[in-house]
Number of protein chains: 2
Amino acid sequence: MSGTDLSIGLSAVIVSVTDEVPHVLTVDRAEAGEEHRHALPFGPLDPAGDRTLELGLRGWVRQQTGLELGYVEQLYTFGDRDRIVSASVGGRVISVAYLALMRESDAELGRQAEWNDVYSFLRWEDWRRGRPSVIDERIAPALGQWVMNGPPEEQRDRRERVEITFGLGRSQWDGERVLERYELLYEAGLVPEAGASHSDALGTRAMALDHRRILATALARLRGKLKYRPLVFEVMPPEFTLLQLQKVVEALSGVRLHKQNFRRLVDRGGLVEGTGRVDARTGGRPAELFRFRREVVRERPSPGVGLPSLRSV
Amino acid sequence: MSGTDLSIGLSAVIVSVTDEVPHVLTVDRAEAGEEHRHALPFGPLDPAGDRTLELGLRGWVRQQTGLELGYVEQLYTFGDRDRIVSASVGGRVISVAYLALMRESDAELGRQAEWNDVYSFLRWEDWRRGRPSVIDERIAPALGQWVMNGPPEEQRDRRERVEITFGLGRSQWDGERVLERYELLYEAGLVPEAGASHSDALGTRAMALDHRRILATALARLRGKLKYRPLVFEVMPPEFTLLQLQKVVEALSGVRLHKQNFRRLVDRGGLVEGTGRVDARTGGRPAELFRFRREVVRERPSPGVGLPSLRSV
DNA sequence: CCTTGTAATACTCACATAGAGCATAATTAG
DNA sequence: CTAATTATGCTCTATGTGAGTATTACAAGG
């Protein structure tokens with residue numbers, strides 16, 4: 001009984017940042033009959049052929065998007081029996097999801113692959129221009145409703161959960177709770193993937209199968225790890241100005257940072273070193289070009305960009 | 001071809017702390033013909049029966065150890081084709097590993113299950129009584145040898161890797177690099193699991209299959225997460241003195257902490273609250289009993305015990 | 001009762017870091 | 001030359017962290 005009806009799926013959340021917009025790579029599954037066309041690149045593991053899970057993943061990505069992945073890390077393994085899986089596969093599918101980072105410019109995209117704004121799938125996560133209006137206009141009321149609709153003995157817990165995950169009452173917004181937020185919206189029936197009902201209640205794009213949950217997992221991981229590992233540099237060109245670096249960190253973390261302090265942090269912190277050359281800019285004083293100081297990894301236990309609580313300008 | 005020759009294994013690293021010793025639960029696999037008898041509780045997923053991976057895991061743990069797990073989180077999925085798997089299973093096994101925390105006193109152990117000192121498997125990780133002698137006496141020389149044995153063009157990279165993971169040259173010890181250290185020792189052929197050769201070169205206990213790697217993954221995750229999530233309280237009794245709490249944190253993180261500062265941290269940080277009652281002690285002024293303040297989760301984005309660089313007394 | 005030992009708990013101090021804002025420098029557009 | 005724009009330097013303050021000293025509350029032994 002063990003070997004039957006079981007397969008391993010491999011899927012990748014491939015992230016890059018261009019023009020201050022965090023992008024995720026999707027493939028079009030419309031013709032595969034999925035309700036929502038945006039899917040992550042994915043495919044089954046070949047138990048006999050793929051030497052490692054990661055190699056299997058790289059193969060599928062190459063085949064579906066034409067890309068050769070660089071930085072890759074394992075994210076999470078999804079395996080609920082009742083999980084939404086492609087109609088085209090019979091039996092139980094366990095999905096191992098990966099997070100990959102890359103420079104978009106390195107990429108020559110295949111046919112059905114395209115870059116999409118991460119926040120078009122998770123609108124409430126982008127606080128760079130202040131508190132997203134969707135929270136107060138749609139999410140808070142809808143979740144309030146969900147609290148009230150619960151059995152009386154559960155309402156207290158529900159309300160607390162809403163407040164913590166969305167930073168409502170006394171709680172403050174925690175940029176890393178991306179997954180908790182998505183799962184709460186899912187449970188409350190506010191995302192189309194959860195069933196046909198309240199479809200599009202939030203005016204946000206959905207993804208095929210459970211891929212938006214995987215995307216949320218990836219963004220949560222990425223935001224957390226930014227703080228203590230020099231991950232940003234995986235999506236930066238080899239040389240960059242400090243403002244460019246800051247904009248990328250802001251794009252991923254979803255908050256604005258204080259410019260002078262950010263500069264002090266990465267410079268004094270030994271994360272970057274100046275090249276002496278400057279950038280041919282548009283407007284304003286030319287900025288010096290910096291590069292990542294790889295040595296920092298051996299000097300400090302956890303070099304990252306340490307985000308602030310939450311900034312406005 | 002997808003469904004054949006493939007099974008999912010579920011394994012658990014179950015951790016508790018007693019008398020300042022971090023424990024991991026093992027089952028005896030001697031009679032299953034494993035070379036090393038200490039194994040983590042594990043078993044295959046029933047694709048048709050187990051509704052979620054976690055439920056499947058809880059079932060296996062219950063069956064093999066008699067325990068009902070509390071806090072559980074997914075750790076990592078191991079799936080290399082050439083990975084060591086039990087001789088008793090044919091085909092490819094993908095293993096999903098979990099970390100579980102519990103109060104040892106809650107436990108009534110089954111037949112072949114027993115608690116073991118985590119550091120008996122990873123001796124070099126315990127810095128509470130200063131730098132472990134095994135590092136300078138055995139590990140550093142052996143890894144130095146491994147560096148020299150490498151091809152010339154690789155020696156530089158090898159040396160740097162050794163220095164970073166074990167905090168040797170200019171680098172400082174990073175308590176979280178548990179997995180990197182184990183994997184380096186593995187590659188260098190210094191652990192018995194890597195093959196019969198240098199067996200026991202470090203005088204440390206091994207585990208069955210690749211279970212010591214999983215244990216290392218768990219300890220790394222646990223140490224990292226301690227800092228920003230109130231995980232410790234999963235292994236603490238409902239009420240405890242601050243010294244008891246400190247000893248447990250020290251046991252898990254492997255370093256000593258400054259007493260007064262630790263108190264300040266958890267108290268001022270809102271992690272605990274006094275009960276007003278005191279502990280019937282041995283020697284010295286009686287200590288107040290504290291309990292975990294659950295509300296802290298909603299107040300602060302990442303409440304943990306924030307470890308220091310490295311303390312002596 | 002007094003002394004000693006052992007922890008618990010209270011304070012203090014120096015120093016590093018983070019958040020914020022002001023000031024100055026080096027460009028381009030006009 | 002002037003205004004606009006961005007880079008970069010500096011200062012100030014609040015807070016946090018590492019470390020040490022002092023005081024308090026007990027138990028046990030004489």
# chains A, B, ... in the order shown; residues from 1 in each chain; ligands from 1
call {"tool": "interface_residues", "arguments": {"of": "chain D", "to": "chain B", "cutoff": "9 Å", "atoms": "only C-alpha atoms (C1' of nucleotides)", "output": "JSON list (two decimals) with N, CA and C atoms (P, O5', C5', C4', C3', O3' and C1' of nucleotides), in the first residue's frame"}}
result
[["chain", "number", "residue", "atom", "x", "y", "z"],
["D", 17, "DT", "P", 18.40, 44.41, 23.96],
["D", 17, "DT", "O5'", 19.94, 44.47, 24.37],
["D", 17, "DT", "C5'", 20.87, 44.96, 23.41],
["D", 17, "DT", "C4'", 22.27, 44.77, 23.94],
["D", 17, "DT", "C3'", 22.43, 43.53, 24.82],
["D", 17, "DT", "O3'", 23.67, 42.93, 24.49],
["D", 17, "DT", "C1'", 23.04, 45.45, 26.04],
["D", 18, "DG", "P", 24.09, 41.54, 25.14],
["D", 18, "DG", "O5'", 25.33, 42.01, 26.03],
["D", 18, "DG", "C5'", 26.44, 42.61, 25.38],
["D", 18, "DG", "C4'", 27.47, 42.96, 26.41],
["D", 18, "DG", "C3'", 27.79, 41.83, 27.39],
["D", 18, "DG", "O3'", 29.20, 41.80, 27.58],
["D", 18, "DG", "C1'", 27.07, 43.75, 28.58],
["D", 19, "DA", "P", 29.84, 40.68, 28.50],
["D", 19, "DA", "O5'", 29.97, 41.43, 29.90],
["D", 19, "DA", "C5'", 30.61, 42.68, 29.95],
["D", 19, "DA", "C4'", 30.51, 43.28, 31.34],
["D", 19, "DA", "C3'", 30.62, 42.26, 32.47],
["D", 19, "DA", "O3'", 31.80, 42.53, 33.21],
["D", 19, "DA", "C1'", 28.93, 43.88, 32.88],
["D", 24, "DT", "P", 18.96, 46.14, 52.03],
["D", 24, "DT", "O5'", 18.23, 44.79, 51.63],
["D", 24, "DT", "C5'", 17.46, 44.75, 50.44],
["D", 24, "DT", "C4'", 16.88, 43.35, 50.28],
["D", 24, "DT", "C3'", 16.37, 42.74, 51.57],
["D", 24, "DT", "O3'", 15.13, 42.10, 51.29],
["D", 24, "DT", "C1'", 17.94, 41.29, 50.58],
["D", 25, "DA", "P", 14.16, 41.71, 52.51],
["D", 25, "DA", "O5'", 14.18, 40.12, 52.42],
["D", 25, "DA", "C5'", 13.71, 39.49, 51.24],
["D", 25, "DA", "C4'", 14.04, 38.03, 51.31],
["D", 25, "DA", "C3'", 13.64, 37.35, 52.63],
["D", 25, "DA", "O3'", 12.96, 36.16, 52.32],
["D", 25, "DA", "C1'", 15.90, 36.93, 52.15],
["D", 26, "DC", "P", 11.80, 35.61, 53.22],
["D", 26, "DC", "O5'", 12.13, 34.07, 53.33],
["D", 26, "DC", "C5'", 13.00, 33.58, 54.25],
["D", 26, "DC", "C4'", 14.05, 32.73, 53.59],
["D", 26, "DC", "C3'", 14.57, 31.70, 54.58],
["D", 26, "DC", "O3'", 13.79, 30.52, 54.47],
["D", 26, "DC", "C1'", 16.33, 32.71, 53.32],
["D", 27, "DA", "P", 14.06, 29.34, 55.52],
["D", 27, "DA", "O5'", 15.52, 28.81, 55.13],
["D", 27, "DA", "C5'", 15.69, 27.96, 54.01],
["D", 27, "DA", "C4'", 16.98, 27.18, 54.19],
["D", 27, "DA", "C3'", 16.98, 26.32, 55.46],
["D", 27, "DA", "O3'", 17.63, 25.08, 55.20],
["D", 27, "DA", "C1'", 18.71, 27.95, 55.59]]
call {"tool": "residues_around", "arguments": {"residues": "region 13-16 of chain D", "least_positions_apart": "6", "cutoff": "9 Å", "atoms": "only C-alpha atoms (C1' of nucleotides)", "output": "PyMOL selection string"}}
result
chain C and resi 16-20
call {"tool": "write_last_selection", "arguments": {"atoms": "N, CA and C atoms (P, O5', C5', C4', C3', O3' and C1' of nucleotides)", "output": "PDB file, in the first residue's frame"}}
result
ATOM      1  P    DA C  16      31.442  51.409  22.174  1.00  0.00           P
ATOM      2  O5'  DA C  16      30.165  50.770  21.490  1.00  0.00           O
ATOM      3  C5'  DA C  16      29.832  49.418  21.803  1.00  0.00           C
ATOM      4  C4'  DA C  16      28.451  49.119  21.271  1.00  0.00           C
ATOM      5  C3'  DA C  16      28.269  49.536  19.811  1.00  0.00           C
ATOM      6  O3'  DA C  16      27.631  48.468  19.135  1.00  0.00           O
ATOM      7  C1'  DA C  16      26.615  50.571  21.183  1.00  0.00           C
ATOM      8  P    DT C  17      27.350  48.554  17.600  1.00  0.00           P
ATOM      9  O5'  DT C  17      25.823  48.992  17.565  1.00  0.00           O
ATOM     10  C5'  DT C  17      24.903  48.300  18.403  1.00  0.00           C
ATOM     11  C4'  DT C  17      23.521  48.854  18.163  1.00  0.00           C
ATOM     12  C3'  DT C  17      23.280  49.285  16.717  1.00  0.00           C
ATOM     13  O3'  DT C  17      22.109  48.620  16.276  1.00  0.00           O
ATOM     14  C1'  DT C  17      22.694  51.020  18.229  1.00  0.00           C
ATOM     15  P    DA C  18      21.282  49.107  14.997  1.00  0.00           P
ATOM     16  O5'  DA C  18      20.199  50.076  15.627  1.00  0.00           O
ATOM     17  C5'  DA C  18      19.208  49.532  16.501  1.00  0.00           C
ATOM     18  C4'  DA C  18      18.049  50.488  16.568  1.00  0.00           C
ATOM     19  C3'  DA C  18      17.504  50.880  15.203  1.00  0.00           C
ATOM     20  O3'  DA C  18      16.099  51.057  15.318  1.00  0.00           O
ATOM     21  C1'  DA C  18      18.407  52.793  16.288  1.00  0.00           C
ATOM     22  P    DG C  19      15.259  51.466  14.051  1.00  0.00           P
ATOM     23  O5'  DG C  19      14.873  52.979  14.384  1.00  0.00           O
ATOM     24  C5'  DG C  19      14.046  53.252  15.501  1.00  0.00           C
ATOM     25  C4'  DG C  19      13.796  54.735  15.579  1.00  0.00           C
ATOM     26  C3'  DG C  19      13.295  55.337  14.266  1.00  0.00           C
ATOM     27  O3'  DG C  19      12.198  56.190  14.563  1.00  0.00           O
ATOM     28  C1'  DG C  19      15.211  56.501  15.005  1.00  0.00           C
ATOM     29  P    DA C  20      11.366  56.842  13.369  1.00  0.00           P
ATOM     30  O5'  DA C  20      12.009  58.308  13.308  1.00  0.00           O
ATOM     31  C5'  DA C  20      12.085  59.074  14.496  1.00  0.00           C
ATOM     32  C4'  DA C  20      12.891  60.323  14.249  1.00  0.00           C
ATOM     33  C3'  DA C  20      12.646  60.995  12.896  1.00  0.00           C
ATOM     34  O3'  DA C  20      11.943  62.213  13.111  1.00  0.00           O
ATOM     35  C1'  DA C  20      14.952  60.993  13.520  1.00  0.00           C
TER      36       DA C  20
END
call {"tool": "select_by_dssp", "arguments": {"residues": "region 86-177 of chain B", "states": "strand (DSSP E)", "output": "ChimeraX atom specification"}}
result
/B:92-101,113-117
call {"tool": "write_last_selection", "arguments": {"atoms": "N, CA and C atoms", "output": "short mmCIF file (atom, residue, chain, number, x, y, z; two decimals), in the first residue's frame"}}
result
data_model
loop_
_atom_site.label_atom_id
_atom_site.label_comp_id
_atom_site.auth_asym_id
_atom_site.auth_seq_id
_atom_site.Cartn_x
_atom_site.Cartn_y
_atom_site.Cartn_z
N ARG B 92 12.51 4.53 -3.26
CA ARG B 92 12.97 5.82 -2.77
C ARG B 92 12.11 6.32 -1.62
N VAL B 93 12.78 6.84 -0.61
CA VAL B 93 12.05 7.37 0.55
C VAL B 93 12.32 8.86 0.69
N ILE B 94 11.25 9.63 0.71
CA ILE B 94 11.36 11.06 0.99
C ILE B 94 10.92 11.24 2.44
N SER B 95 11.76 11.89 3.23
CA SER B 95 11.45 11.99 4.65
C SER B 95 11.07 13.41 5.04
N VAL B 96 9.92 13.55 5.65
CA VAL B 96 9.51 14.85 6.15
C VAL B 96 9.74 14.85 7.66
N ALA B 97 10.62 15.73 8.11
CA ALA B 97 11.00 15.74 9.52
C ALA B 97 10.30 16.86 10.26
N TYR B 98 9.97 16.59 11.51
CA TYR B 98 9.28 17.56 12.36
C TYR B 98 10.05 17.79 13.66
N LEU B 99 9.87 18.99 14.19
CA LEU B 99 10.40 19.31 15.51
C LEU B 99 9.23 19.39 16.48
N ALA B 100 9.35 18.70 17.61
CA ALA B 100 8.29 18.75 18.63
C ALA B 100 8.92 19.10 19.97
N LEU B 101 8.19 19.89 20.75
CA LEU B 101 8.67 20.26 22.08
C LEU B 101 7.70 19.77 23.12
N ALA B 113 11.43 3.33 23.88
CA ALA B 113 11.74 4.75 23.75
C ALA B 113 12.52 5.24 24.96
N GLU B 114 13.46 6.12 24.72
CA GLU B 114 14.20 6.69 25.86
C GLU B 114 14.69 8.08 25.53
N TRP B 115 14.91 8.86 26.59
CA TRP B 115 15.44 10.20 26.43
C TRP B 115 16.97 10.14 26.41
N ASN B 116 17.57 10.94 25.52
CA ASN B 116 19.02 10.99 25.45
C ASN B 116 19.50 12.43 25.40
N ASP B 117 20.63 12.66 26.00
CA ASP B 117 21.24 13.99 25.96
C ASP B 117 21.56 14.37 24.52
#
call {"tool": "interface_residues", "arguments": {"of": "chain C", "to": "chain B", "cutoff": "6 Å", "atoms": "only C-alpha atoms (C1' of nucleotides)", "output": "list in words"}}
result
DT6, DA7 and DA8 of chain C
call {"tool": "interface_residues", "arguments": {"of": "chain A", "to": "chain B", "cutoff": "9 Å", "atoms": "only C-alpha atoms", "output": "number ranges by chain"}}
result
A: 1-8, 44-54, 74-82, 91-94, 96, 160-161, 163-165, 167, 170-176, 297-302, 309
call {"tool": "write_last_selection", "arguments": {"atoms": "N, CA and C atoms", "output": "compact mmCIF listing (two decimals), in the first residue's frame"}}
result
# COMPACT_ATOMS: atom_id res chain seq x y z
N MET A 1 0.81 -1.22 0.00
CA MET A 1 0.00 0.00 0.00
C MET A 1 0.84 1.26 0.00
N SER A 2 2.10 1.10 0.43
CA SER A 2 2.87 2.33 0.60
C SER A 2 3.17 3.04 -0.71
N GLY A 3 3.53 2.33 -1.72
CA GLY A 3 4.01 3.00 -2.92
C GLY A 3 2.92 3.46 -3.87
N THR A 4 1.69 3.13 -3.58
CA THR A 4 0.64 3.42 -4.56
C THR A 4 0.00 4.78 -4.35
N ASP A 5 -0.46 5.33 -5.48
CA ASP A 5 -1.29 6.52 -5.37
C ASP A 5 -0.60 7.71 -4.75
N LEU A 6 0.71 7.75 -4.89
CA LEU A 6 1.43 8.79 -4.20
C LEU A 6 2.45 9.40 -5.15
N SER A 7 2.51 10.74 -5.17
CA SER A 7 3.58 11.35 -5.95
C SER A 7 4.06 12.61 -5.26
N ILE A 8 5.28 12.97 -5.59
CA ILE A 8 5.87 14.17 -5.01
C ILE A 8 5.85 15.27 -6.06
N PRO A 44 6.20 16.92 -11.21
CA PRO A 44 6.43 15.79 -10.30
C PRO A 44 7.91 15.40 -10.24
N LEU A 45 8.30 14.89 -9.09
CA LEU A 45 9.63 14.32 -8.93
C LEU A 45 9.70 13.00 -9.68
N ASP A 46 10.80 12.77 -10.33
CA ASP A 46 11.05 11.46 -10.93
C ASP A 46 11.89 10.66 -9.93
N PRO A 47 11.26 9.72 -9.24
CA PRO A 47 11.94 9.05 -8.13
C PRO A 47 13.20 8.32 -8.59
N ALA A 48 13.18 7.86 -9.81
CA ALA A 48 14.33 7.10 -10.28
C ALA A 48 15.38 8.01 -10.89
N GLY A 49 14.92 9.09 -11.52
CA GLY A 49 15.86 9.93 -12.25
C GLY A 49 16.48 11.07 -11.47
N ASP A 50 15.67 11.82 -10.73
CA ASP A 50 16.20 13.01 -10.06
C ASP A 50 17.03 12.62 -8.84
N ARG A 51 18.29 13.01 -8.85
CA ARG A 51 19.16 12.61 -7.76
C ARG A 51 18.78 13.30 -6.46
N THR A 52 18.46 14.60 -6.55
CA THR A 52 17.97 15.30 -5.36
C THR A 52 16.69 16.03 -5.72
N LEU A 53 15.95 16.40 -4.70
CA LEU A 53 14.71 17.14 -4.93
C LEU A 53 15.03 18.44 -5.65
N GLU A 54 16.10 19.09 -5.20
CA GLU A 54 16.43 20.39 -5.76
C GLU A 54 16.79 20.28 -7.24
N GLN A 74 14.87 25.35 0.33
CA GLN A 74 13.60 24.64 0.54
C GLN A 74 12.72 25.44 1.48
N LEU A 75 11.43 25.40 1.18
CA LEU A 75 10.50 26.27 1.88
C LEU A 75 9.61 25.48 2.84
N TYR A 76 8.85 24.59 2.30
CA TYR A 76 7.89 23.86 3.11
C TYR A 76 7.34 22.71 2.28
N THR A 77 6.82 21.71 2.98
CA THR A 77 6.21 20.59 2.29
C THR A 77 4.73 20.54 2.63
N PHE A 78 3.93 20.60 1.60
CA PHE A 78 2.48 20.63 1.77
C PHE A 78 1.92 19.25 1.45
N GLY A 79 1.12 18.72 2.36
CA GLY A 79 0.67 17.36 2.09
C GLY A 79 -0.70 16.99 2.59
N ASP A 80 -1.54 17.97 2.91
CA ASP A 80 -2.88 17.62 3.36
C ASP A 80 -3.60 16.80 2.29
N ARG A 81 -4.37 15.84 2.76
CA ARG A 81 -5.07 14.98 1.80
C ARG A 81 -6.12 15.77 1.04
N ASP A 82 -6.73 16.74 1.74
CA ASP A 82 -7.84 17.46 1.12
C ASP A 82 -7.41 18.71 0.39
N GLY A 91 -4.66 10.40 -7.28
CA GLY A 91 -3.92 10.02 -6.08
C GLY A 91 -3.44 11.20 -5.28
N ARG A 92 -2.67 10.88 -4.26
CA ARG A 92 -2.25 11.92 -3.33
C ARG A 92 -0.95 12.56 -3.78
N VAL A 93 -0.92 13.88 -3.68
CA VAL A 93 0.29 14.61 -4.06
C VAL A 93 0.86 15.35 -2.86
N ILE A 94 2.12 15.08 -2.59
CA ILE A 94 2.82 15.82 -1.57
C ILE A 94 3.72 16.82 -2.30
N VAL A 96 6.65 19.64 -2.41
CA VAL A 96 7.79 20.27 -1.75
C VAL A 96 8.05 21.59 -2.46
N GLU A 160 -9.24 37.84 18.60
CA GLU A 160 -7.83 38.00 18.96
C GLU A 160 -6.93 37.64 17.78
N ARG A 161 -7.29 36.56 17.11
CA ARG A 161 -6.48 36.12 15.99
C ARG A 161 -6.48 37.18 14.88
N GLU A 163 -6.93 40.37 15.25
CA GLU A 163 -6.15 41.53 15.68
C GLU A 163 -4.65 41.29 15.58
N ILE A 164 -4.23 40.10 15.99
CA ILE A 164 -2.80 39.81 15.95
C ILE A 164 -2.29 39.74 14.53
N THR A 165 -2.99 38.98 13.67
CA THR A 165 -2.43 38.77 12.34
C THR A 165 -2.49 40.03 11.48
N GLY A 167 -2.71 43.16 12.79
CA GLY A 167 -2.26 44.33 13.54
C GLY A 167 -3.37 45.32 13.78
N ARG A 170 -4.82 46.54 19.66
CA ARG A 170 -3.60 47.02 20.29
C ARG A 170 -2.37 46.47 19.57
N SER A 171 -2.59 45.45 18.77
CA SER A 171 -1.45 44.78 18.14
C SER A 171 -0.86 45.64 17.04
N GLN A 172 0.43 45.45 16.82
CA GLN A 172 1.01 46.18 15.70
C GLN A 172 1.27 45.24 14.53
N TRP A 173 1.33 45.83 13.36
CA TRP A 173 1.55 45.08 12.14
C TRP A 173 2.91 44.39 12.18
N ASP A 174 2.90 43.10 11.87
CA ASP A 174 4.14 42.35 11.79
C ASP A 174 4.30 41.86 10.36
N GLY A 175 5.25 42.45 9.65
CA GLY A 175 5.44 42.16 8.23
C GLY A 175 5.67 40.69 7.93
N GLU A 176 6.11 39.93 8.92
CA GLU A 176 6.43 38.54 8.64
C GLU A 176 5.24 37.59 8.70
N VAL A 297 30.08 37.52 5.94
CA VAL A 297 29.51 36.26 6.42
C VAL A 297 30.41 35.60 7.45
N ARG A 298 31.72 35.78 7.29
CA ARG A 298 32.61 35.14 8.24
C ARG A 298 32.85 36.00 9.47
N GLU A 299 32.57 37.29 9.34
CA GLU A 299 32.85 38.19 10.45
C GLU A 299 31.74 38.22 11.48
N ARG A 300 30.52 38.35 11.00
CA ARG A 300 29.41 38.48 11.93
C ARG A 300 28.49 37.27 11.86
N PRO A 301 27.91 36.90 13.00
CA PRO A 301 27.02 35.73 13.03
C PRO A 301 25.81 35.87 12.13
N SER A 302 25.16 37.02 12.13
CA SER A 302 23.96 37.09 11.30
C SER A 302 23.81 38.45 10.61
N SER A 309 10.68 49.15 12.88
CA SER A 309 9.31 48.81 13.25
C SER A 309 8.38 49.08 12.06
call {"tool": "closest_residue", "arguments": {"among": "C:DC22, C:DA29, C:DC2, C:DA14", "to": "DG20 (chain D)", "atoms": "only C-alpha atoms (C1' of nucleotides)"}}
result
C:DA14
call {"tool": "residues_around", "arguments": {"residues": "Arg229 (chain A)", "least_positions_apart": "6", "cutoff": "8 Å", "atoms": "only C-alpha atoms (C1' of nucleotides)", "output": "PDB file with C-alpha atoms, in the first residue's frame"}}
result
ATOM      1  CA  SER A 302      23.957  37.094  11.296  1.00  0.00           C
ATOM      2  CA  PRO A 303      24.448  39.861   8.783  1.00  0.00           C
ATOM      3  CA  GLY A 304      21.210  41.230   7.454  1.00  0.00           C
ATOM      4  CA  VAL A 305      19.505  44.542   6.940  1.00  0.00           C
TER       5      VAL A 305
END
call {"tool": "residues_around", "arguments": {"residues": "Arg131 (chain A)", "least_positions_apart": "4", "cutoff": "10 Å", "atoms": "only C-alpha atoms (C1' of nucleotides)", "output": "list of chain:residue names"}}
result
A:Trp124, A:Glu125, A:Asp126, A:Trp127, A:Ile135, A:Asp136, A:Trp173, A:Val255, A:Ser312
call {"tool": "select_by_dssp", "arguments": {"residues": "region 9-211 of chain A", "states": "alpha helix (DSSP H)", "output": "PyMOL selection string"}}
result
chain A and resi 53-65+133-134+140-149+152-166+178-187+211
call {"tool": "residues_around", "arguments": {"residues": "DG21 (chain C)", "least_positions_apart": "2", "cutoff": "10 Å", "atoms": "only C-alpha atoms (C1' of nucleotides)", "output": "MDAnalysis selection string"}}
result
(chainID C and resid 19 23) or (chainID D and resid 11:12)
call {"tool": "residues_around", "arguments": {"residues": "Gly110 (chain B)", "least_positions_apart": "5", "cutoff": "10 Å", "atoms": "only C-alpha atoms (C1' of nucleotides)", "output": "list of chain:residue names"}}
result
B:Val27, B:Arg62, B:Gln63, B:Gln64, B:Thr65, B:Gly66, B:Leu67
call {"tool": "write_last_selection", "arguments": {"atoms": "C-alpha atoms", "output": "short mmCIF file (atom, residue, chain, number, x, y, z; two decimals), in the first residue's frame"}}
result
data_model
loop_
_atom_site.label_atom_id
_atom_site.label_comp_id
_atom_site.auth_asym_id
_atom_site.auth_seq_id
_atom_site.Cartn_x
_atom_site.Cartn_y
_atom_site.Cartn_z
CA VAL B 27 13.73 4.52 19.85
CA ARG B 62 2.05 7.53 19.70
CA GLN B 63 2.58 4.01 18.49
CA GLN B 64 6.32 3.91 19.00
CA THR B 65 6.69 5.89 22.19
CA GLY B 66 3.29 6.19 23.79
CA LEU B 67 3.47 9.96 23.69
#
call {"tool": "residues_around", "arguments": {"residues": "Ala188 (chain A)", "least_positions_apart": "4", "cutoff": "12 Å", "atoms": "only C-alpha atoms (C1' of nucleotides)", "output": "list in words"}}
result
Ile139, Ala140, Pro141, Ala142, Leu143, Gly144, Gln145, Trp146, Val147, Met148, Asn149, Gly150, Arg158, Arg161, Val162, Arg181, Tyr182, Glu183, Leu184, Pro192, Glu193, Ala194, Gly195, Ser197, His198, Ser199, Ala201 and Leu202 of chain A
